[in-house]
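J.: Pasting entry-v7.cif here (mmCIF, C-alpha atoms (C1' of nucleotides)):
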data_final
loop_
_atom_site.label_atom_id
_atom_site.label_comp_id
_atom_site.auth_asym_id
_atom_site.auth_seq_id
_atom_site.Cartn_x
_atom_site.Cartn_y
_atom_site.Cartn_z
CA MET A 539 95.01 146.68 6.59
CA ASP A 540 94.86 142.95 6.82
CA VAL A 541 98.53 143.01 7.51
CA LYS A 542 99.19 139.33 8.17
CA VAL A 543 101.85 140.12 10.72
CA GLN A 544 103.73 136.88 10.60
CA ASN A 545 102.80 133.39 11.43
CA VAL A 546 99.23 134.20 12.30
CA GLY A 547 96.81 132.21 10.24
CA PHE A 548 93.52 130.57 10.98
CA LEU A 549 92.79 127.28 12.57
CA LYS A 550 90.76 125.43 10.01
CA MET A 551 89.74 122.44 12.01
CA PHE A 552 88.14 120.93 8.93
CA SER A 553 89.94 120.77 5.63
CA GLN A 554 88.44 121.96 2.37
CA THR A 555 88.35 118.39 1.23
CA VAL A 556 86.20 117.38 4.19
CA GLU A 557 83.90 120.32 3.59
CA TYR A 558 83.50 119.39 -0.05
CA ALA A 559 82.94 115.72 0.69
CA LEU A 560 80.23 116.52 3.19
CA ARG A 561 78.46 118.87 0.84
CA ALA A 562 78.56 116.23 -1.86
CA VAL A 563 77.08 113.43 0.19
CA VAL A 564 74.40 115.67 1.64
CA GLN A 565 73.44 116.62 -1.87
CA LEU A 566 73.44 112.97 -2.89
CA ALA A 567 71.32 112.08 0.10
CA TYR A 568 68.95 114.84 -0.86
CA LYS A 569 68.52 113.38 -4.33
CA ALA A 570 68.74 109.75 -3.26
CA PRO A 571 68.30 107.21 -4.60
CA GLU A 572 68.76 108.96 -7.93
CA PRO A 573 72.35 109.27 -9.12
CA CYS A 574 73.85 112.69 -9.82
CA THR A 575 76.66 113.52 -12.17
CA THR A 576 79.76 115.15 -10.77
CA GLU A 577 78.82 118.28 -12.66
CA GLN A 578 75.38 118.44 -11.11
CA ILE A 579 76.82 118.03 -7.63
CA ALA A 580 79.47 120.61 -8.35
CA GLU A 581 76.88 123.16 -9.36
CA ALA A 582 74.55 122.51 -6.46
CA THR A 583 77.30 122.59 -3.88
CA MET A 584 79.49 125.24 -5.48
CA VAL A 585 82.58 123.07 -5.40
CA PRO A 586 85.21 123.20 -8.17
CA LYS A 587 84.19 120.42 -10.49
CA ALA A 588 87.62 119.00 -11.24
CA TYR A 589 88.56 118.78 -7.62
CA LEU A 590 85.19 117.42 -6.59
CA SER A 591 85.82 114.62 -9.02
CA LYS A 592 88.89 113.63 -7.04
CA VAL A 593 87.05 113.81 -3.76
CA LEU A 594 84.26 111.65 -5.11
CA GLN A 595 86.80 109.12 -6.33
CA GLY A 596 88.02 108.87 -2.78
CA LEU A 597 84.52 108.41 -1.46
CA SER A 598 83.97 105.75 -4.07
CA ARG A 599 87.05 103.80 -3.06
CA ALA A 600 85.93 104.02 0.53
CA GLY A 601 82.59 102.56 -0.37
CA ILE A 602 80.56 105.60 0.58
CA VAL A 603 79.29 106.25 -2.90
CA ASN A 604 78.85 104.18 -6.04
CA SER A 605 80.06 105.47 -9.34
CA GLN A 606 78.48 104.52 -12.62
CA ARG A 607 80.11 105.44 -15.88
CA GLY A 608 78.57 106.20 -19.21
CA ILE A 609 75.32 107.80 -20.27
CA ARG A 610 72.85 107.96 -17.42
CA GLY A 611 75.69 107.34 -15.05
CA GLY A 612 76.75 109.39 -12.07
CA MET A 613 77.32 109.13 -8.36
CA SER A 614 74.93 107.73 -5.82
CA LEU A 615 75.02 106.83 -2.16
CA SER A 616 75.97 103.24 -1.53
CA LYS A 617 73.84 103.10 1.59
CA SER A 618 70.66 104.63 2.82
CA PRO A 619 71.09 108.12 4.32
CA ASP A 620 70.16 106.80 7.74
CA GLU A 621 73.03 104.35 7.61
CA LEU A 622 75.69 106.90 6.82
CA THR A 623 77.15 109.14 9.48
CA ILE A 624 79.14 112.30 9.07
CA LEU A 625 82.05 110.48 10.62
CA ASP A 626 81.91 107.80 7.94
CA VAL A 627 82.34 110.48 5.32
CA VAL A 628 85.03 112.41 7.16
CA ASN A 629 87.06 109.33 7.92
CA SER A 630 86.89 108.20 4.32
CA VAL A 631 88.48 111.37 3.11
CA ASP A 632 90.54 112.84 5.94
CA PRO A 633 90.51 110.54 8.93
CA ILE A 634 90.29 112.32 12.24
CA GLN A 635 93.66 111.96 13.84
CA ARG A 636 93.30 111.25 17.50
CA ILE A 637 96.29 111.63 19.79
CA HIS A 638 97.30 108.13 20.78
CA GLN A 639 100.75 108.81 22.10
CA CYS A 640 102.69 111.66 23.55
CA PRO A 641 103.48 113.80 20.49
CA LEU A 642 106.93 114.39 21.93
CA GLY A 643 107.53 110.69 21.62
CA LEU A 644 108.50 110.26 25.23
CA LYS A 645 108.86 106.66 26.18
CA SER A 646 107.96 107.38 29.77
CA HIS A 647 104.55 108.51 28.75
CA GLY A 648 103.32 105.85 26.42
CA ALA A 649 99.70 105.80 25.64
CA ASN A 650 99.56 107.76 28.85
CA LEU A 651 99.04 111.31 27.69
CA CYS A 652 100.14 114.31 29.69
CA PRO A 653 97.39 116.66 30.85
CA LEU A 654 97.81 118.98 27.90
CA HIS A 655 97.51 116.35 25.22
CA ARG A 656 94.81 114.58 27.11
CA ARG A 657 92.68 117.68 26.96
CA MET A 658 93.35 118.07 23.30
CA ASP A 659 92.50 114.47 22.58
CA GLU A 660 89.32 114.77 24.61
CA SER A 661 88.24 117.55 22.28
CA LEU A 662 88.97 115.38 19.30
CA ALA A 663 86.99 112.59 20.89
CA THR A 664 84.05 114.88 21.45
CA VAL A 665 83.98 115.92 17.82
CA GLU A 666 84.38 112.34 16.72
CA LYS A 667 81.50 111.29 18.89
CA ALA A 668 79.24 114.05 17.64
CA PHE A 669 80.02 113.14 14.06
CA ALA A 670 79.52 109.46 14.70
CA SER A 671 76.06 110.06 16.08
CA THR A 672 74.78 112.15 13.21
CA THR A 673 73.42 110.49 10.11
CA LEU A 674 72.77 112.10 6.79
CA ALA A 675 69.09 111.35 7.26
CA GLU A 676 69.07 113.42 10.42
CA ILE A 677 70.60 116.32 8.60
CA LEU A 678 67.97 116.16 5.92
CA ALA A 679 65.18 115.85 8.43
CA GLU A 680 66.33 118.71 10.62
CA PRO A 681 63.60 121.28 11.10
CA ASN A 682 65.17 124.41 9.77
CA ASN A 683 64.18 127.21 7.50
CA SER A 684 67.36 126.77 5.54
CA ALA A 685 67.42 123.83 3.20
CA PRO A 686 70.05 121.15 3.87
CA LEU A 687 72.11 122.51 1.11
CA CYS A 688 70.91 125.12 -1.21
CA GLU A 689 69.80 125.67 -4.73
CA ARG A 690 69.55 129.35 -5.43
CA VAL A 691 72.63 131.37 -5.02
CA ASP A 692 73.27 135.03 -5.31
CA GLN A 693 76.77 135.88 -4.58
CA ASN A 694 79.98 135.56 -2.72
CA PRO A 695 81.07 133.83 0.41
CA TYR A 696 83.34 133.41 3.36
CA VAL A 697 83.85 136.57 5.22
CA ASN A 698 85.67 136.41 8.46
CA LEU A 699 83.74 138.05 11.19
CA THR A 700 85.68 136.91 14.18
CA THR A 701 88.02 139.88 14.45
CA PRO A 702 90.58 137.48 15.75
CA ARG A 703 93.21 139.95 16.71
CA SER A 704 92.52 143.61 17.13
CA PRO A 705 94.37 144.92 20.17
CA GLU A 706 92.95 148.35 19.69
CA ASN A 707 91.00 150.15 16.96
CA MET B 118 103.11 100.33 1.71
CA ASP B 119 102.00 103.73 2.79
CA VAL B 120 100.63 104.21 -0.66
CA LYS B 121 98.95 107.58 -0.25
CA VAL B 122 96.23 106.68 -2.69
CA GLN B 123 95.25 110.15 -3.71
CA ASN B 124 93.69 112.94 -1.81
CA VAL B 125 93.66 111.01 1.42
CA GLY B 126 95.51 112.81 4.12
CA PHE B 127 94.83 113.35 7.76
CA LEU B 128 92.61 115.77 9.48
CA LYS B 129 94.90 117.69 11.72
CA MET B 130 92.41 119.67 13.68
CA PHE B 131 95.22 121.52 15.39
CA SER B 132 98.08 123.00 13.45
CA GLN B 133 101.70 122.39 14.30
CA THR B 134 101.97 126.01 15.28
CA VAL B 135 99.21 125.63 17.85
CA GLU B 136 100.80 122.49 19.20
CA TYR B 137 104.15 124.23 19.56
CA ALA B 138 102.63 127.30 21.17
CA LEU B 139 100.81 125.22 23.74
CA ARG B 140 103.89 123.23 24.61
CA ALA B 141 105.83 126.43 25.04
CA VAL B 142 103.39 128.13 27.39
CA VAL B 143 102.94 124.99 29.45
CA GLN B 144 106.66 124.83 29.85
CA LEU B 145 106.77 128.50 30.77
CA ALA B 146 103.99 128.01 33.28
CA TYR B 147 105.92 125.12 34.73
CA LYS B 148 108.95 127.32 35.28
CA ALA B 149 107.02 130.47 36.12
CA PRO B 150 107.74 133.08 37.14
CA GLU B 151 111.31 132.48 35.97
CA PRO B 152 112.02 133.38 32.35
CA CYS B 153 113.28 130.76 29.93
CA THR B 154 115.33 131.28 26.82
CA THR B 155 113.96 130.11 23.52
CA GLU B 156 116.64 127.48 23.45
CA GLN B 157 115.67 126.09 26.83
CA ILE B 158 112.04 125.89 25.81
CA ALA B 159 112.97 124.32 22.50
CA GLU B 160 114.92 121.58 24.23
CA ALA B 161 112.31 120.85 26.84
CA THR B 162 109.46 120.76 24.35
CA MET B 163 111.31 119.27 21.41
CA VAL B 164 110.29 122.00 19.05
CA PRO B 165 112.61 123.25 16.28
CA LYS B 166 114.32 126.20 17.87
CA ALA B 167 114.22 128.60 14.94
CA TYR B 168 110.58 128.03 14.33
CA LEU B 169 109.72 128.21 18.00
CA SER B 170 111.27 131.62 17.99
CA LYS B 171 108.70 132.76 15.45
CA VAL B 172 105.88 131.27 17.41
CA LEU B 173 107.04 132.96 20.59
CA GLN B 174 107.25 136.27 18.78
CA GLY B 175 103.61 135.85 17.89
CA LEU B 176 102.72 135.06 21.48
CA SER B 177 104.66 138.11 22.54
CA ARG B 178 102.79 140.40 20.19
CA ALA B 179 99.55 138.94 21.45
CA GLY B 180 100.55 139.75 25.00
CA ILE B 181 100.64 136.16 26.20
CA VAL B 182 104.33 136.21 26.99
CA ASN B 183 106.88 138.88 27.74
CA SER B 184 110.17 138.87 25.93
CA GLN B 185 113.33 140.26 27.39
CA ARG B 186 116.38 140.69 25.23
CA GLY B 187 119.98 140.50 26.22
CA ILE B 188 121.82 138.60 28.87
CA ARG B 189 119.56 137.05 31.49
CA GLY B 190 116.69 137.66 29.12
CA GLY B 191 114.21 135.15 27.82
CA MET B 192 110.52 134.52 27.66
CA SER B 193 108.10 134.54 30.54
CA LEU B 194 104.36 134.41 30.98
CA SER B 195 102.74 137.81 31.09
CA LYS B 196 100.02 136.58 33.41
CA SER B 197 99.66 134.04 36.14
CA PRO B 198 99.03 130.49 34.89
CA ASP B 199 95.57 130.57 36.40
CA GLU B 200 94.68 133.58 34.31
CA LEU B 201 95.67 132.07 31.00
CA THR B 202 93.44 129.61 29.20
CA ILE B 203 94.31 127.27 26.38
CA LEU B 204 91.97 129.27 24.22
CA ASP B 205 93.90 132.45 24.89
CA VAL B 206 96.99 130.79 23.54
CA VAL B 207 95.32 129.15 20.56
CA ASN B 208 93.55 132.31 19.52
CA SER B 209 96.75 134.29 19.72
CA VAL B 210 98.44 132.06 17.24
CA ASP B 211 95.78 130.43 15.06
CA PRO B 212 92.36 131.77 15.96
CA ILE B 213 89.65 129.15 15.92
CA GLN B 214 87.53 129.88 12.92
CA ARG B 215 83.89 129.42 13.73
CA ILE B 216 81.35 129.15 10.93
CA HIS B 217 79.39 132.37 10.99
CA GLN B 218 77.78 132.22 7.60
CA CYS B 219 76.80 129.63 5.09
CA PRO B 220 80.14 128.68 3.51
CA LEU B 221 78.41 128.57 0.15
CA GLY B 222 77.73 132.25 0.52
CA LEU B 223 74.01 131.91 0.02
CA LYS B 224 72.20 135.09 0.76
CA SER B 225 69.05 133.22 1.66
CA HIS B 226 70.81 131.61 4.55
CA GLY B 227 72.54 134.42 6.27
CA ALA B 228 73.81 133.79 9.70
CA ASN B 229 71.24 131.05 9.55
CA LEU B 230 73.29 127.93 9.01
CA CYS B 231 71.96 124.87 7.27
CA PRO B 232 71.81 121.69 9.36
CA LEU B 233 75.16 120.45 8.10
CA HIS B 234 77.11 123.55 8.89
CA ARG B 235 75.27 124.06 12.12
CA ARG B 236 76.48 120.68 13.29
CA MET B 237 79.99 121.48 12.26
CA ASP B 238 79.93 124.81 14.01
CA GLU B 239 78.53 123.21 17.13
CA SER B 240 81.58 121.00 17.23
CA LEU B 241 83.81 124.02 16.89
CA ALA B 242 81.89 125.70 19.68
CA THR B 243 82.34 122.70 21.92
CA VAL B 244 86.07 122.72 21.42
CA GLU B 245 86.22 126.45 21.92
CA LYS B 246 84.31 126.12 25.16
CA ALA B 247 86.49 123.34 26.45
CA PHE B 248 89.60 125.35 25.69
CA ALA B 249 88.17 128.48 27.24
CA SER B 250 87.49 126.70 30.48
CA THR B 251 90.94 125.22 30.91
CA THR B 252 93.70 127.28 32.46
CA LEU B 253 97.38 126.52 32.38
CA ALA B 254 97.28 126.19 36.14
CA GLU B 255 94.74 123.40 35.84
CA ILE B 256 96.96 121.58 33.43
CA LEU B 257 99.89 121.80 35.80
CA ALA B 258 97.79 120.70 38.75
CA GLU B 259 96.25 117.74 37.00
CA PRO B 260 96.83 114.55 38.93
CA ASN B 261 98.62 112.38 36.46
CA ASN B 262 101.64 110.17 36.49
CA SER B 263 102.95 111.89 33.41
CA ALA B 264 104.44 115.29 33.98
CA PRO B 265 102.77 118.22 32.25
CA LEU B 266 105.45 118.23 29.70
CA CYS B 267 108.50 116.18 29.97
CA GLU B 268 112.18 116.40 30.66
CA ARG B 269 113.77 113.11 29.90
CA VAL B 270 113.45 111.84 26.44
CA ASP B 271 114.55 108.67 24.82
CA GLN B 272 113.65 108.58 21.27
CA ASN B 273 111.41 109.29 18.38
CA PRO B 274 107.88 110.43 18.05
CA TYR B 275 104.64 110.58 16.23
CA VAL B 276 103.61 107.23 15.01
CA ASN B 277 100.24 106.89 13.45
CA LEU B 278 98.32 104.05 14.93
CA THR B 279 94.90 104.76 13.53
CA THR B 280 95.20 102.54 10.46
CA PRO B 281 92.99 105.03 8.71
CA ARG B 282 92.40 103.18 5.52
CA SER B 283 93.55 99.71 4.91
CA PRO B 284 90.97 97.89 2.77
CA GLU B 285 93.18 94.87 2.84
CA ASN B 286 96.76 94.41 3.88
"C1'" DT C 517 78.47 99.77 -34.39
"C1'" DC C 518 79.21 104.18 -32.92
"C1'" DA C 519 79.20 108.38 -30.63
"C1'" DA C 520 78.27 110.79 -26.60
"C1'" DA C 521 78.26 110.76 -21.62
"C1'" DA C 522 80.49 110.13 -17.71
"C1'" DC C 523 84.14 108.65 -14.53
"C1'" DA C 524 89.53 107.58 -13.78
"C1'" DG C 525 93.80 109.20 -13.09
"C1'" DG C 526 98.36 111.24 -14.17
"C1'" DA C 527 100.93 115.59 -14.62
"C1'" DT C 528 101.31 120.00 -13.21
"C1'" DA C 529 100.66 124.50 -10.88
"C1'" DC C 530 99.96 127.39 -6.88
"C1'" DG C 531 99.78 129.12 -2.20
"C1'" DG C 532 100.17 128.80 2.55
"C1'" DA C 533 102.14 126.45 6.57
"C1'" DT C 534 106.36 124.96 8.20
"C1'" DG C 535 111.19 125.45 8.88
"C1'" DT C 536 116.15 127.49 8.33
"C1'" DC C 537 119.62 131.00 8.23
"C1'" DT C 538 121.85 135.30 8.88
"C1'" DG C 539 122.44 139.72 10.47
"C1'" DA C 540 120.67 143.49 13.42
"C1'" DT C 541 119.31 145.02 17.90
"C1'" DT C 542 118.93 145.13 22.76
"C1'" DT C 543 120.69 144.29 27.41
"C1'" DA C 544 123.28 142.98 31.52
"C1'" DA C 545 127.58 142.11 33.43
"C1'" DT C 546 132.30 143.12 33.71
"C1'" DA D 1148 133.08 150.87 26.74
"C1'" DT D 1149 133.27 146.28 25.64
"C1'" DT D 1150 131.50 141.95 25.30
"C1'" DA D 1151 128.59 138.08 25.46
"C1'" DA D 1152 123.83 136.58 25.56
"C1'" DA D 1153 119.69 136.81 24.00
"C1'" DT D 1154 115.59 138.32 21.10
"C1'" DC D 1155 113.97 140.44 16.53
"C1'" DA D 1156 113.31 140.67 11.69
"C1'" DG D 1157 113.44 139.44 7.19
"C1'" DA D 1158 114.85 136.63 3.38
"C1'" DC D 1159 114.90 132.41 1.83
"C1'" DA D 1160 113.78 127.06 1.32
"C1'" DT D 1161 110.59 123.13 1.47
"C1'" DC D 1162 106.52 120.46 1.79
"C1'" DC D 1163 101.76 119.49 1.32
"C1'" DG D 1164 96.83 120.59 0.53
"C1'" DT D 1165 94.26 122.51 -2.96
"C1'" DA D 1166 93.07 122.99 -7.65
"C1'" DT D 1167 93.26 122.60 -12.75
"C1'" DC D 1168 94.02 120.37 -17.12
"C1'" DC D 1169 94.07 116.85 -20.25
"C1'" DT D 1170 93.79 112.31 -21.96
"C1'" DG D 1171 92.18 107.75 -21.42
"C1'" DT D 1172 88.62 104.25 -20.32
"C1'" DT D 1173 84.08 102.54 -19.60
"C1'" DT D 1174 79.23 102.41 -20.42
"C1'" DT D 1175 74.93 103.40 -22.40
"C1'" DG D 1176 71.52 104.26 -25.85
"C1'" DA D 1177 70.24 105.08 -30.53
#
As structure tokens, what does this structure read like?

T.:
Amino acid sequence: MDVKVQNVGFLKMFSQTVEYALRAVVQLAYKAPEPCTTEQIAEATMVPKAYLSKVLQGLSRAGIVNSQRGIRGGMSLSKSPDELTILDVVNSVDPIQRIHQCPLGLKSHGANLCPLHRRMDESLATVEKAFASTTLAEILAEPNNSAPLCERVDQNPYVNLTTPRSPEN
Amino acid sequence: MDVKVQNVGFLKMFSQTVEYALRAVVQLAYKAPEPCTTEQIAEATMVPKAYLSKVLQGLSRAGIVNSQRGIRGGMSLSKSPDELTILDVVNSVDPIQRIHQCPLGLKSHGANLCPLHRRMDESLATVEKAFASTTLAEILAEPNNSAPLCERVDQNPYVNLTTPRSPEN
DNA sequence: TCAAAACAGGATACGGATGTCTGATTTAAT
DNA sequence: ATTAAATCAGACATCCGTATCCTGTTTTGA
């Protein structure tokens, strides 16, 4: 089972790095304005610590978070949660790549996308727009019986339930 | 220039494979019901021939296209262009992976996503919906001064115009 | 002053997506 | 039957995102 027949993978529209970055800033927003150490964030968000460190460095360079070294140091948001959008975070780490030109590089189409690529770009634009209009504060405030992120954890993750390709059986 | 400061890449929401598959079926729809050889499709869509072959094999297994070996053979759509949606194609090659459970694997949240992941999944759902409601026929029929795909080509492709991160210079 | 806490960043490893190549197989036309 | 045209299949090769490790640097507090 799980034969992986050839070039059939999964479309991860969001990279791991984006996922990790978002978890981190949500956690930071949750604790704001107190700083958190990378280790604390890593535990709360279940992200590999060493890699999270890299991601946070990126967010720091982009001005999303402040880093403070030494005892009592850590990471903190550089702005208030209601001034930071999801898009800010995503674009700091893995900028959404809109389709600005015909990917085939045809001169005749310039910025004038063919119907196919126009549809694709419209989808990208929709996501971009949704992300741009959502602040961290909104995520924290959301009425929901699940906490923004989560403290207590039991066990394992990521099962794929989509049954993406099962012709029969 | 082009320093690639660390873990800063680009969010390609759609894989190359998806892009190639879509180009191929659009081209096939354009020529339908005549079959096209892999080579013909590769030229028209500017996709590496050998790799396109793999992609088409996947589409064939998924029942999107029919393959016919031997002289006068080639690839052809297995359905009418107005019965094939973009989503059909995408899901045959790189199924869109919705978020069905908390990616942190928290038991307490089950299928009950936290606000962050709910927003992300909503974006995925939006894209999925848009793709599900677009047929190949619609793409061909679209009033547009750029042809669905393109025959004549001049030169090179894929420039990135987004200036994703340039703090200064 | 000094030691511990914390981030910074280079080197490296690993796996999957992307891409190439070659030979086998099928098919239609002659 | 033979041959040429085409797909099919698998073995590679390569690149990049992900992840780890390890050492250095900065900062704080006692």

J.: Using Å and a single decimal, report how far CA of Glu676 (chain A) sits from CA of Arg235 (chain B).

T.: 12.4 Å

J.: Kindly provide, as a short mmCIF file (atom, residue, chain, number, x, y, z; two decimals) with C-alpha atoms (C1' of nucleotides), keeping the file's coordinate frame, the residues of chain C having any atom no farther than 9 Å from an atom of chain A, counting only C-alpha atoms (C1' of nucleotides).

T.:
data_model
loop_
_atom_site.label_atom_id
_atom_site.label_comp_id
_atom_site.auth_asym_id
_atom_site.auth_seq_id
_atom_site.Cartn_x
_atom_site.Cartn_y
_atom_site.Cartn_z
"C1'" DA C 520 78.27 110.79 -26.60
"C1'" DA C 521 78.26 110.76 -21.62
"C1'" DA C 522 80.49 110.13 -17.71
"C1'" DC C 523 84.14 108.65 -14.53
"C1'" DA C 524 89.53 107.58 -13.78
"C1'" DG C 525 93.80 109.20 -13.09
"C1'" DA C 533 102.14 126.45 6.57
#

J.: Distance cut-off 8 Å, counting all atoms listed in the file - which residues of chain D neighbour chain B? Return them as a VMD selection string.

T.: chain D and resid 1151 to 1154

J.: One decimal, in Å: what's the spacing between CA of His655 (chain A) and CA of Val631 (chain A)?

T.: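 Between CA of His655 (chain A) and CA of Val631 (chain A) the gap works out to 24.4 Å.
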
J.: Name the residues, using the chain letters and numbers of the file, that sit within 12 Å of (101.6, 129.0, -1.0) when counting all atoms listed in the file, and give them as a PyMOL selection string.

T.: (chain C and resi 529-534) or (chain D and resi 1161-1165)

J.: For CA of Thr162 (chain B) and CA of Ala141 (chain B), determine how far apart the two atoms are, in Å to one decimal place.

T.: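 Result for CA of Thr162 (chain B) versus CA of Ala141 (chain B): 6.8 Å, one decimal.
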
J.: Just so the selection is clear, what residues does the PyMOL selection byres ((chain A and resi 555) around 8) cover here, as a VMD selection string?

T.: chain A and resid 553 to 554 556 to 559 593 631 to 632

J.: From the list B:Val206, B:Asp238, B:Leu253, B:Pro220, which residue is nearest chain A when using only C-alpha atoms?

T.: B:Pro220

J.: I need the output of the PyMOL selection byres ((chain A and resi 635) around 7) for this file as JSON, numbers by chain; which residues are they?

T.: {"A": [633, 634, 636, 637], "B": [127, 128, 129]}

J.: Compare A:Leu566, A:Ala649, A:Met584, A:Ile602 by their minimum atom-to-atom distance to chain B, counting all atoms listed in the file, and give me the closest one.

T.: A:Met584

J.: Which residue is closest to chain B? Choose from A:Lys587, A:Gly643, A:Ser671, A:Arg561 and count all atoms listed in the file.

T.: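 Using all atoms listed in the file, chain B sits closest to A:Gly643.
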
J.: Within 6 Å of Ser614 (chain A), counting all atoms listed in the file, which residues qualify if same-chain residues fewer than 2 places away don't, as a PyMOL selection string?

T.: chain A and resi 573+603-604

J.: Would you list the residues near (107.2, 131.5, 34.5), meaning any protein, DNA or RNA residue with an atom at most 9 Å from that point in file coordinates, counting all atoms listed in the file, as a count of residues only?

T.: 18
